[in-house]
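Next comes protein.txt, a file with compact mmCIF, C-alpha atoms.
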```txt
# COMPACT_ATOMS: atom_id res chain seq x y z
CA MET A 1 73.73 75.97 34.95
CA GLU A 2 75.25 73.25 32.75
CA VAL A 3 73.01 71.62 30.16
CA GLU A 4 72.04 68.02 30.79
CA LEU A 5 71.30 65.86 27.79
CA LYS A 6 68.25 64.21 29.33
CA ASN A 7 66.50 67.58 29.66
CA ILE A 8 66.97 68.66 26.08
CA ASN A 9 64.13 68.81 23.56
CA PRO A 10 64.63 65.76 21.26
CA LYS A 11 64.26 68.06 18.24
CA PHE A 12 67.46 69.86 19.21
CA VAL A 13 69.39 66.61 19.45
CA GLU A 14 67.94 65.29 16.20
CA LEU A 15 68.66 68.50 14.30
CA PHE A 16 72.36 68.47 15.04
CA THR A 17 73.15 64.78 15.33
CA GLN A 18 70.98 63.58 12.45
CA THR A 19 70.07 66.35 10.00
CA PHE A 20 73.51 67.96 10.25
CA ALA A 21 75.36 64.76 11.16
CA PHE A 22 77.49 66.11 14.03
CA THR A 23 79.74 63.40 15.43
CA GLU A 24 79.33 62.50 19.09
CA GLU A 25 82.40 64.61 19.95
CA GLU A 26 81.18 67.58 17.95
CA PHE A 27 77.78 67.46 19.59
CA ALA A 28 79.29 67.18 23.06
CA LEU A 29 81.56 70.13 22.32
CA PHE A 30 78.68 72.18 20.98
CA LEU A 31 76.45 71.36 23.92
CA SER A 32 79.16 72.33 26.40
CA SER A 33 79.03 75.86 24.97
CA PHE A 34 75.46 76.37 26.24
CA LYS A 35 74.14 77.39 29.62
CA CYS A 36 70.68 76.48 30.80
CA LYS A 37 68.58 79.43 31.96
CA THR A 38 65.09 79.46 33.41
CA ILE A 39 62.92 82.55 33.11
CA SER A 40 59.61 82.94 34.93
CA LYS A 41 56.37 83.80 33.22
CA LYS A 42 56.11 87.56 32.49
CA ASP A 43 59.87 88.09 32.89
CA TYR A 44 61.99 89.21 29.95
CA TYR A 45 64.76 87.50 28.04
CA LEU A 46 65.55 90.74 26.19
CA ARG A 47 64.42 94.37 26.29
CA ALA A 48 64.64 97.12 23.67
CA GLY A 49 67.76 99.21 24.25
CA GLU A 50 69.84 96.20 25.29
CA VAL A 51 72.49 94.68 23.03
CA CYS A 52 71.66 91.08 22.12
CA LYS A 53 74.81 89.09 22.86
CA SER A 54 73.58 85.53 22.64
CA LYS A 55 71.32 83.09 20.86
CA ALA A 56 68.82 81.13 22.93
CA TYR A 57 67.09 77.88 22.08
CA LEU A 58 63.60 77.75 23.58
CA ASN A 59 63.72 74.32 25.19
CA LYS A 60 60.43 74.69 27.05
CA GLY A 61 57.84 77.44 27.22
CA CYS A 62 56.65 80.23 24.99
CA ALA A 63 57.19 83.93 24.52
CA ARG A 64 56.13 86.99 22.61
CA ASN A 65 58.44 89.24 20.57
CA PHE A 66 57.17 92.78 20.45
CA VAL A 67 58.25 96.30 19.57
CA LEU A 68 56.82 99.65 20.65
CA ASP A 69 55.36 102.04 18.09
CA GLU A 70 55.88 105.81 18.23
CA GLN A 71 52.90 106.14 20.60
CA GLY A 72 54.35 103.54 22.93
CA HIS A 73 51.84 100.81 22.03
CA GLU A 74 53.08 97.23 22.04
CA ARG A 75 53.07 95.58 18.60
CA ILE A 76 53.53 91.82 18.65
CA LEU A 77 55.68 90.40 15.84
CA PHE A 78 55.45 86.68 16.61
CA PHE A 79 55.10 84.02 19.27
CA PRO A 80 58.10 81.73 19.76
CA PHE A 81 57.30 78.25 21.09
CA GLU A 82 59.45 75.21 21.85
CA ASP A 83 62.22 74.58 19.30
CA TRP A 84 62.49 78.27 18.25
CA TRP A 85 65.61 80.38 18.64
CA LEU A 86 65.22 83.69 20.47
CA GLY A 87 67.17 86.87 19.90
CA ASP A 88 67.33 90.18 18.10
CA PHE A 89 69.21 89.42 14.85
CA ASP A 90 70.02 92.97 13.95
CA SER A 91 71.39 93.83 17.37
CA TYR A 92 73.31 90.54 17.59
CA TYR A 93 75.19 91.23 14.35
CA SER A 94 75.50 95.01 14.51
CA GLY A 95 76.34 95.19 18.21
CA ASN A 96 73.89 98.11 18.48
CA PRO A 97 71.08 98.25 21.05
CA GLY A 98 68.05 96.33 19.79
CA THR A 99 64.39 97.24 19.31
CA ASN A 100 62.81 93.93 20.37
CA TYR A 101 61.29 92.91 23.67
CA ILE A 102 61.10 89.17 24.32
CA GLN A 103 58.81 88.36 27.22
CA MET A 104 58.07 84.83 28.39
CA LEU A 105 54.37 83.90 28.50
CA GLU A 106 54.99 80.71 30.51
CA ASP A 107 57.70 79.62 32.94
CA SER A 108 60.40 78.82 30.39
CA GLU A 109 63.70 77.08 29.95
CA LEU A 110 66.33 78.32 27.51
CA LEU A 111 69.62 76.95 26.25
CA VAL A 112 71.78 80.02 25.84
CA ILE A 113 74.99 80.34 23.83
CA SER A 114 77.02 83.55 23.82
CA LYS A 115 78.18 85.15 20.58
CA GLU A 116 81.83 84.38 21.42
CA LYS A 117 81.12 80.71 22.16
CA PHE A 118 79.03 80.36 19.02
CA GLN A 119 81.80 81.82 16.86
CA LYS A 120 84.33 79.51 18.50
CA ALA A 121 82.05 76.51 17.91
CA GLU A 122 81.62 77.53 14.26
CA GLN A 123 85.37 77.41 13.78
CA GLU A 124 85.65 74.03 15.45
CA ILE A 125 82.58 72.49 13.81
CA PRO A 126 82.24 73.54 10.15
CA LYS A 127 78.85 71.77 9.92
CA LEU A 128 77.50 74.38 12.30
CA LYS A 129 77.96 76.99 9.56
CA GLN A 130 75.90 74.87 7.19
CA TRP A 131 73.11 74.70 9.73
CA TYR A 132 73.20 78.39 10.39
CA SER A 133 73.26 79.27 6.74
CA SER A 134 70.22 77.08 6.04
CA LYS A 135 68.49 78.57 9.09
CA MET A 136 69.10 82.11 7.81
CA LEU A 137 67.72 81.13 4.43
CA ARG A 138 64.54 79.74 5.99
CA SER A 139 64.27 82.76 8.21
CA ALA A 140 64.59 85.11 5.21
CA ILE A 141 61.90 83.16 3.34
CA ALA A 142 59.59 83.10 6.38
CA SER A 143 59.94 86.85 6.85
CA ARG A 144 59.28 87.53 3.16
CA ASN A 145 56.16 85.37 3.35
CA ARG A 146 55.08 87.21 6.47
CA ILE A 147 55.43 90.56 4.65
CA GLU A 148 53.31 89.17 1.81
CA GLU A 149 50.66 88.05 4.29
CA MET A 150 50.61 91.43 6.00
CA LYS A 151 50.20 93.07 2.59
CA THR A 152 47.54 90.79 1.16
CA LEU A 153 45.47 89.08 3.84
CA SER A 154 42.55 90.44 5.84
CA ALA A 155 42.51 90.03 9.64
CA GLU A 156 40.19 87.03 9.23
CA GLU A 157 42.51 85.38 6.70
CA ARG A 158 45.51 85.98 8.95
CA TYR A 159 43.57 84.51 11.87
CA LEU A 160 42.80 81.36 9.87
CA LYS A 161 46.44 81.12 8.78
CA LEU A 162 47.60 81.46 12.38
CA ILE A 163 45.45 78.61 13.68
CA GLU A 164 46.43 76.50 10.68
CA LYS A 165 50.14 76.98 11.45
CA GLN A 166 49.90 77.01 15.26
CA PRO A 167 46.66 75.16 16.06
CA HIS A 168 47.20 75.15 19.83
CA ILE A 169 47.92 78.85 20.06
CA PHE A 170 44.65 79.75 21.83
CA LEU A 171 45.44 77.23 24.56
CA ARG A 172 48.71 78.94 25.46
CA ILE A 173 48.55 82.59 24.40
CA PRO A 174 46.12 85.10 25.95
CA LEU A 175 43.52 86.46 23.56
CA GLN A 176 44.63 90.07 23.82
CA HIS A 177 48.14 89.14 22.61
CA ILE A 178 46.76 87.26 19.61
CA ALA A 179 44.60 90.30 18.82
CA SER A 180 47.68 92.53 18.96
CA TYR A 181 49.53 90.15 16.63
CA LEU A 182 46.61 90.36 14.18
CA ASN A 183 46.41 94.16 14.58
CA ILE A 184 42.79 94.05 15.68
CA GLU A 185 40.86 94.80 18.89
CA PRO A 186 40.33 91.87 21.32
CA GLN A 187 36.55 92.34 20.95
CA SER A 188 36.80 91.95 17.16
CA LEU A 189 38.83 88.79 17.62
CA SER A 190 36.23 87.33 20.01
CA ARG A 191 33.44 88.08 17.54
CA MET A 192 35.47 86.62 14.68
CA ARG A 193 36.15 83.42 16.65
CA ASN A 194 32.48 83.00 17.52
CA ARG A 195 31.40 83.58 13.96
CA LEU A 196 33.97 81.19 12.47
CA THR A 197 33.37 78.52 15.12
CA ASN A 198 29.60 78.59 14.54
CA LYS A 199 30.15 78.16 10.80
CA HIS A 200 31.72 74.72 11.21
CA MET B 1 74.06 86.80 -24.65
CA GLU B 2 77.46 86.45 -22.98
CA VAL B 3 78.38 88.92 -20.26
CA GLU B 4 81.08 91.44 -21.09
CA LEU B 5 83.17 92.76 -18.24
CA LYS B 6 83.09 96.37 -19.41
CA ASN B 7 79.32 96.49 -19.14
CA ILE B 8 79.09 95.22 -15.58
CA ASN B 9 78.15 97.42 -12.65
CA PRO B 10 81.44 98.10 -10.78
CA LYS B 11 79.70 97.12 -7.51
CA PHE B 12 79.31 93.57 -8.80
CA VAL B 13 83.00 93.31 -9.66
CA GLU B 14 84.06 94.87 -6.36
CA LEU B 15 81.79 92.62 -4.30
CA PHE B 16 83.27 89.40 -5.58
CA THR B 17 86.88 90.35 -6.37
CA GLN B 18 87.47 92.53 -3.31
CA THR B 19 84.99 91.89 -0.49
CA PHE B 20 84.94 88.13 -1.11
CA ALA B 21 88.45 87.97 -2.62
CA PHE B 22 87.71 85.76 -5.64
CA THR B 23 90.88 85.09 -7.62
CA GLU B 24 90.93 86.22 -11.25
CA GLU B 25 90.22 82.64 -12.36
CA GLU B 26 87.36 82.20 -9.92
CA PHE B 27 85.76 85.46 -11.02
CA ALA B 28 86.10 84.57 -14.71
CA LEU B 29 84.56 81.17 -14.03
CA PHE B 30 81.71 82.70 -12.05
CA LEU B 31 81.05 85.35 -14.69
CA SER B 32 80.94 82.75 -17.46
CA SER B 33 77.96 81.16 -15.68
CA PHE B 34 75.79 84.23 -16.32
CA LYS B 35 73.80 85.29 -19.34
CA CYS B 36 72.97 88.90 -20.06
CA LYS B 37 69.26 89.59 -20.57
CA THR B 38 67.52 92.84 -21.47
CA ILE B 39 63.90 93.38 -20.52
CA SER B 40 61.86 96.33 -21.76
CA LYS B 41 59.98 98.68 -19.48
CA LYS B 42 56.65 97.18 -18.34
CA ASP B 43 57.69 93.63 -19.26
CA TYR B 44 58.05 90.96 -16.60
CA TYR B 45 61.04 89.04 -15.32
CA LEU B 46 58.76 86.73 -13.32
CA ARG B 47 55.05 86.16 -12.88
CA ALA B 48 53.09 84.49 -10.07
CA GLY B 49 52.46 80.85 -10.93
CA GLU B 50 55.87 80.41 -12.56
CA VAL B 51 58.69 78.50 -10.89
CA CYS B 52 61.69 80.75 -10.23
CA LYS B 53 64.69 78.88 -11.64
CA SER B 54 67.38 81.53 -11.60
CA LYS B 55 68.88 84.45 -9.72
CA ALA B 56 69.25 87.74 -11.57
CA TYR B 57 71.55 90.63 -10.77
CA LEU B 58 69.95 93.95 -11.72
CA ASN B 59 72.80 95.53 -13.66
CA LYS B 60 70.80 98.50 -14.93
CA GLY B 61 67.20 99.59 -14.44
CA CYS B 62 64.57 99.20 -11.76
CA ALA B 63 61.56 97.04 -11.03
CA ARG B 64 58.69 96.45 -8.68
CA ASN B 65 57.96 93.19 -6.82
CA PHE B 66 54.29 92.76 -6.17
CA VAL B 67 51.73 90.17 -5.14
CA LEU B 68 47.98 90.07 -5.63
CA ASP B 69 45.61 90.08 -2.67
CA GLU B 70 42.43 87.96 -2.50
CA GLN B 71 40.53 90.70 -4.34
CA GLY B 72 43.11 90.78 -7.13
CA HIS B 73 44.62 94.13 -6.10
CA GLU B 74 48.34 94.60 -6.66
CA ARG B 75 50.33 95.01 -3.44
CA ILE B 76 53.88 96.26 -3.92
CA LEU B 77 56.49 94.69 -1.65
CA PHE B 78 59.61 96.62 -2.72
CA PHE B 79 61.42 98.36 -5.55
CA PRO B 80 64.66 96.74 -6.70
CA PHE B 81 67.22 99.13 -8.23
CA GLU B 82 70.73 98.61 -9.61
CA ASP B 83 72.85 96.15 -7.59
CA TRP B 84 69.84 94.20 -6.26
CA TRP B 85 69.23 90.53 -6.92
CA LEU B 86 65.83 89.58 -8.33
CA GLY B 87 63.89 86.39 -7.75
CA ASP B 88 61.29 84.62 -5.69
CA PHE B 89 63.25 82.97 -2.87
CA ASP B 90 60.57 80.60 -1.76
CA SER B 91 59.86 79.31 -5.26
CA TYR B 92 63.59 79.07 -6.08
CA TYR B 93 64.24 76.79 -3.13
CA SER B 94 61.00 74.86 -2.97
CA GLY B 95 60.61 74.38 -6.72
CA ASN B 96 56.93 75.31 -6.32
CA PRO B 97 55.21 78.00 -8.39
CA GLY B 98 55.84 81.43 -6.85
CA THR B 99 53.55 84.25 -5.74
CA ASN B 100 55.66 87.22 -6.85
CA TYR B 101 55.41 89.35 -9.97
CA ILE B 102 58.57 91.22 -10.94
CA GLN B 103 57.88 93.91 -13.50
CA MET B 104 60.53 96.25 -14.90
CA LEU B 105 59.77 99.95 -14.51
CA GLU B 106 62.58 101.00 -16.90
CA ASP B 107 64.33 99.30 -19.80
CA SER B 108 66.58 97.00 -17.80
CA GLU B 109 69.60 94.77 -18.06
CA LEU B 110 69.99 91.65 -15.95
CA LEU B 111 72.80 89.19 -15.35
CA VAL B 112 71.03 85.87 -15.00
CA ILE B 113 72.43 82.67 -13.50
CA SER B 114 70.43 79.45 -13.49
CA LYS B 115 69.99 77.39 -10.33
CA GLU B 116 72.11 74.56 -11.81
CA LYS B 117 74.96 76.89 -12.77
CA PHE B 118 74.86 78.60 -9.38
CA GLN B 119 75.06 75.26 -7.57
CA LYS B 120 77.96 74.20 -9.78
CA ALA B 121 79.75 77.50 -9.14
CA GLU B 122 79.22 77.08 -5.37
CA GLN B 123 80.98 73.74 -5.52
CA GLU B 124 83.88 75.13 -7.52
CA ILE B 125 84.21 78.40 -5.58
CA PRO B 126 83.67 77.87 -1.84
CA LYS B 127 83.87 81.66 -1.24
CA LEU B 128 80.58 81.95 -3.12
CA LYS B 129 78.89 80.11 -0.25
CA GLN B 130 80.27 82.67 2.20
CA TRP B 131 78.85 85.49 0.12
CA TYR B 132 75.49 83.82 -0.17
CA SER B 133 75.30 83.03 3.48
CA SER B 134 76.05 86.67 4.42
CA LYS B 135 73.52 87.86 1.84
CA MET B 136 70.83 85.62 3.36
CA LEU B 137 71.63 86.96 6.80
CA ARG B 138 71.28 90.56 5.63
CA SER B 139 68.13 89.69 3.78
CA ALA B 140 66.64 88.07 6.89
CA ILE B 141 67.51 91.15 8.96
CA ALA B 142 66.12 93.55 6.34
CA SER B 143 62.85 91.62 6.19
CA ARG B 144 62.54 91.55 9.99
CA ASN B 145 63.10 95.30 10.08
CA ARG B 146 60.51 95.76 7.38
CA ILE B 147 57.96 93.78 9.42
CA GLU B 148 58.74 96.00 12.40
CA GLU B 149 58.23 99.12 10.27
CA MET B 150 54.93 97.83 8.94
CA LYS B 151 53.83 97.13 12.51
CA THR B 152 54.95 100.37 14.11
CA LEU B 153 55.18 103.25 11.63
CA SER B 154 52.41 105.45 10.24
CA ALA B 155 52.18 106.04 6.47
CA GLU B 156 53.94 109.39 6.94
CA GLU B 157 56.78 107.81 8.90
CA ARG B 158 57.17 105.07 6.28
CA TYR B 159 57.22 107.74 3.58
CA LEU B 160 60.02 109.61 5.36
CA LYS B 161 61.94 106.37 5.83
CA LEU B 162 61.58 105.52 2.15
CA ILE B 163 63.01 108.83 0.93
CA GLU B 164 65.77 108.61 3.53
CA LYS B 165 66.80 105.15 2.24
CA GLN B 166 66.09 105.72 -1.48
CA PRO B 167 66.21 109.52 -1.96
CA HIS B 168 65.87 109.41 -5.75
CA ILE B 169 62.85 107.14 -5.71
CA PHE B 170 60.39 109.83 -6.86
CA LEU B 171 62.52 110.50 -9.93
CA ARG B 172 62.27 106.91 -11.13
CA ILE B 173 59.12 105.33 -9.70
CA PRO B 174 55.60 106.54 -10.60
CA LEU B 175 53.67 108.04 -7.71
CA GLN B 176 50.86 105.47 -7.79
CA HIS B 177 53.37 102.65 -7.24
CA ILE B 178 54.92 104.41 -4.26
CA ALA B 179 51.42 104.93 -2.85
CA SER B 180 50.73 101.20 -3.26
CA TYR B 181 53.99 100.39 -1.48
CA LEU B 182 52.94 102.64 1.41
CA ASN B 183 49.40 101.18 1.43
CA ILE B 184 47.79 104.58 0.89
CA GLU B 185 45.81 106.29 -1.88
CA PRO B 186 47.82 108.27 -4.48
CA GLN B 187 45.86 111.42 -3.49
CA SER B 188 46.89 111.00 0.16
CA LEU B 189 50.52 110.62 -0.90
CA SER B 190 50.34 113.83 -2.98
CA ARG B 191 48.86 115.75 -0.07
CA MET B 192 51.46 114.31 2.30
CA ARG B 193 54.31 115.28 -0.04
CA ASN B 194 53.01 118.85 -0.37
CA ARG B 195 52.58 119.23 3.34
CA LEU B 196 56.02 117.83 4.19
CA THR B 197 57.71 119.80 1.40
CA ASN B 198 56.16 123.07 2.57
CA LYS B 199 57.35 122.39 6.10
CA HIS B 200 61.03 122.58 5.11
```
Whole structure given in structure tokens:
Amino acid sequence: MEVELKNINPKFVELFTQTFAFTEEEFALFLSSFKCKTISKKDYYLRAGEVCKSKAYLNKGCARNFVLDEQGHERILFFPFEDWWLGDFDSYYSGNPGTNYIQMLEDSELLVISKEKFQKAEQEIPKLKQWYSSKMLRSAIASRNRIEEMKTLSAEERYLKLIEKQPHIFLRIPLQHIASYLNIEPQSLSRMRNRLTNKH
Amino acid sequence: MEVELKNINPKFVELFTQTFAFTEEEFALFLSSFKCKTISKKDYYLRAGEVCKSKAYLNKGCARNFVLDEQGHERILFFPFEDWWLGDFDSYYSGNPGTNYIQMLEDSELLVISKEKFQKAEQEIPKLKQWYSSKMLRSAIASRNRIEEMKTLSAEERYLKLIEKQPHIFLRIPLQHIASYLNIEPQSLSRMRNRLTNKH
């Protein structure tokens, strides 16, 4: 399905036309490289074992990225919401099968660009490289910070950090997924919420 | 201290002159932006609370990057060896005081380039941007993989992964630091090593 401008998240338009100053032609060219894809709640954008061959802008909806541990338990890495980009970096660049599952937690709408089309767009629009390079930098910093958090914060501190960064998360993500993200049991999370809510 | 070509790790020279095809002039210009700095074992390149204002290539030696948790315990994030770049990303880009300590575990030699000189070099040598962009990408992937490992692997599996990736680590890094990296007690690491060694 072709992408229609009126349906696009304004943050996407602003990012490329303002922050990275794409001309009208450049933006139109870039946009024409995307396909719109809808995925129903509980369906997958990507599964472990598949090769990730595209980047996808989450125009509407939310998802969970998870991996399986050696015992086959799901371990949630993060929750993408609107204005995130979905994919499995390592698989995308290496061409090897990935380890990430990306499952939609709401009926969602993605703007998908294939690896080939992205590379072509990068050649035609040099500003796209600038964006991607700054995105990689921010992604590297965010991941480093996440590692620090995992190393230094207790479950309660990570819970407080989560609601500080994504205050509406409990309205959209089921409790058991948030517990998995925090590496605690759902019962512990419920108790923690009650205790912290009663404090205030 | 100025940097002398004969003392530089061949990987540094190869990276820029071959992989990124700097001309002789570009490489000489780039190299002249660095200062050589020696730091004794146990001394620090960076401390939490300081603003990171330079990038440093670890020409010789090794270090540990750590942060403090809320209780003031040291939590080791990784062990840089020769051919790594040292710094606190987030602080370098934000200009805010950082959270990382970088302490040398051997008498070490660094090639240090200030933020200003690096920015100037990037303007004069566009290929430098390509290198940095690919480095950020690899760094983002490595950090994502590390988060996955922390989420999915047991201490024993992380131990095996560590010696697979850095086989000489036990020859250069004290046991208690490796235990801290793996989030286990030094005694547990000793027992694990004995058990796994006797298996083979």
Near segment 88-104 of chain A, within 7 Å and counting all atoms listed in the file, which residues show up once chain neighbours fewer than 5 positions away are dropped, as a CSV table (one decimal) with C-alpha atoms, in the coordinates of the input?
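selection-v7.csv was written with the following content:
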```csv
chain,number,residue,atom,x,y,z
A,40,SER,CA,59.6,82.9,34.9
A,41,LYS,CA,56.4,83.8,33.2
A,42,LYS,CA,56.1,87.6,32.5
A,43,ASP,CA,59.9,88.1,32.9
A,44,TYR,CA,62.0,89.2,30.0
A,45,TYR,CA,64.8,87.5,28.0
A,46,LEU,CA,65.6,90.7,26.2
A,47,ARG,CA,64.4,94.4,26.3
A,48,ALA,CA,64.6,97.1,23.7
A,49,GLY,CA,67.8,99.2,24.2
A,50,GLU,CA,69.8,96.2,25.3
A,51,VAL,CA,72.5,94.7,23.0
A,52,CYS,CA,71.7,91.1,22.1
A,53,LYS,CA,74.8,89.1,22.9
A,62,CYS,CA,56.6,80.2,25.0
A,63,ALA,CA,57.2,83.9,24.5
A,64,ARG,CA,56.1,87.0,22.6
A,65,ASN,CA,58.4,89.2,20.6
A,66,PHE,CA,57.2,92.8,20.4
A,67,VAL,CA,58.2,96.3,19.6
B,141,ILE,CA,67.5,91.2,9.0
```
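For chain B, the residues close to chain A, meaning within 6 Å and counting all atoms listed in the file, are Asp69, Asp90, Ser133, Met136, Leu137, Ser139, Ala140, Ile141, Ser143 and Thr152 of chain B.
In this model, the gap between atom CA of Glu24 of chain A and atom CA of Leu128 of chain A comes to 13.8 Å.
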Skipping near chain neighbours, those fewer than 2 positions away, what residues fall within 12 Å of Val13 of chain A using all atoms listed in the file, listed as a CSV table (one decimal) with C-alpha atoms, in the frame of the given file?
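The resulting file, out_11.csv, is shown below:
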```csv
chain,number,residue,atom,x,y,z
A,4,GLU,CA,72.0,68.0,30.8
A,5,LEU,CA,71.3,65.9,27.8
A,6,LYS,CA,68.2,64.2,29.3
A,7,ASN,CA,66.5,67.6,29.7
A,8,ILE,CA,67.0,68.7,26.1
A,9,ASN,CA,64.1,68.8,23.6
A,10,PRO,CA,64.6,65.8,21.3
A,11,LYS,CA,64.3,68.1,18.2
A,15,LEU,CA,68.7,68.5,14.3
A,16,PHE,CA,72.4,68.5,15.0
A,17,THR,CA,73.2,64.8,15.3
A,18,GLN,CA,71.0,63.6,12.4
A,19,THR,CA,70.1,66.4,10.0
A,20,PHE,CA,73.5,68.0,10.2
A,21,ALA,CA,75.4,64.8,11.2
A,22,PHE,CA,77.5,66.1,14.0
A,23,THR,CA,79.7,63.4,15.4
A,24,GLU,CA,79.3,62.5,19.1
A,26,GLU,CA,81.2,67.6,18.0
A,27,PHE,CA,77.8,67.5,19.6
A,28,ALA,CA,79.3,67.2,23.1
A,30,PHE,CA,78.7,72.2,21.0
A,31,LEU,CA,76.4,71.4,23.9
A,57,TYR,CA,67.1,77.9,22.1
A,59,ASN,CA,63.7,74.3,25.2
A,83,ASP,CA,62.2,74.6,19.3
```
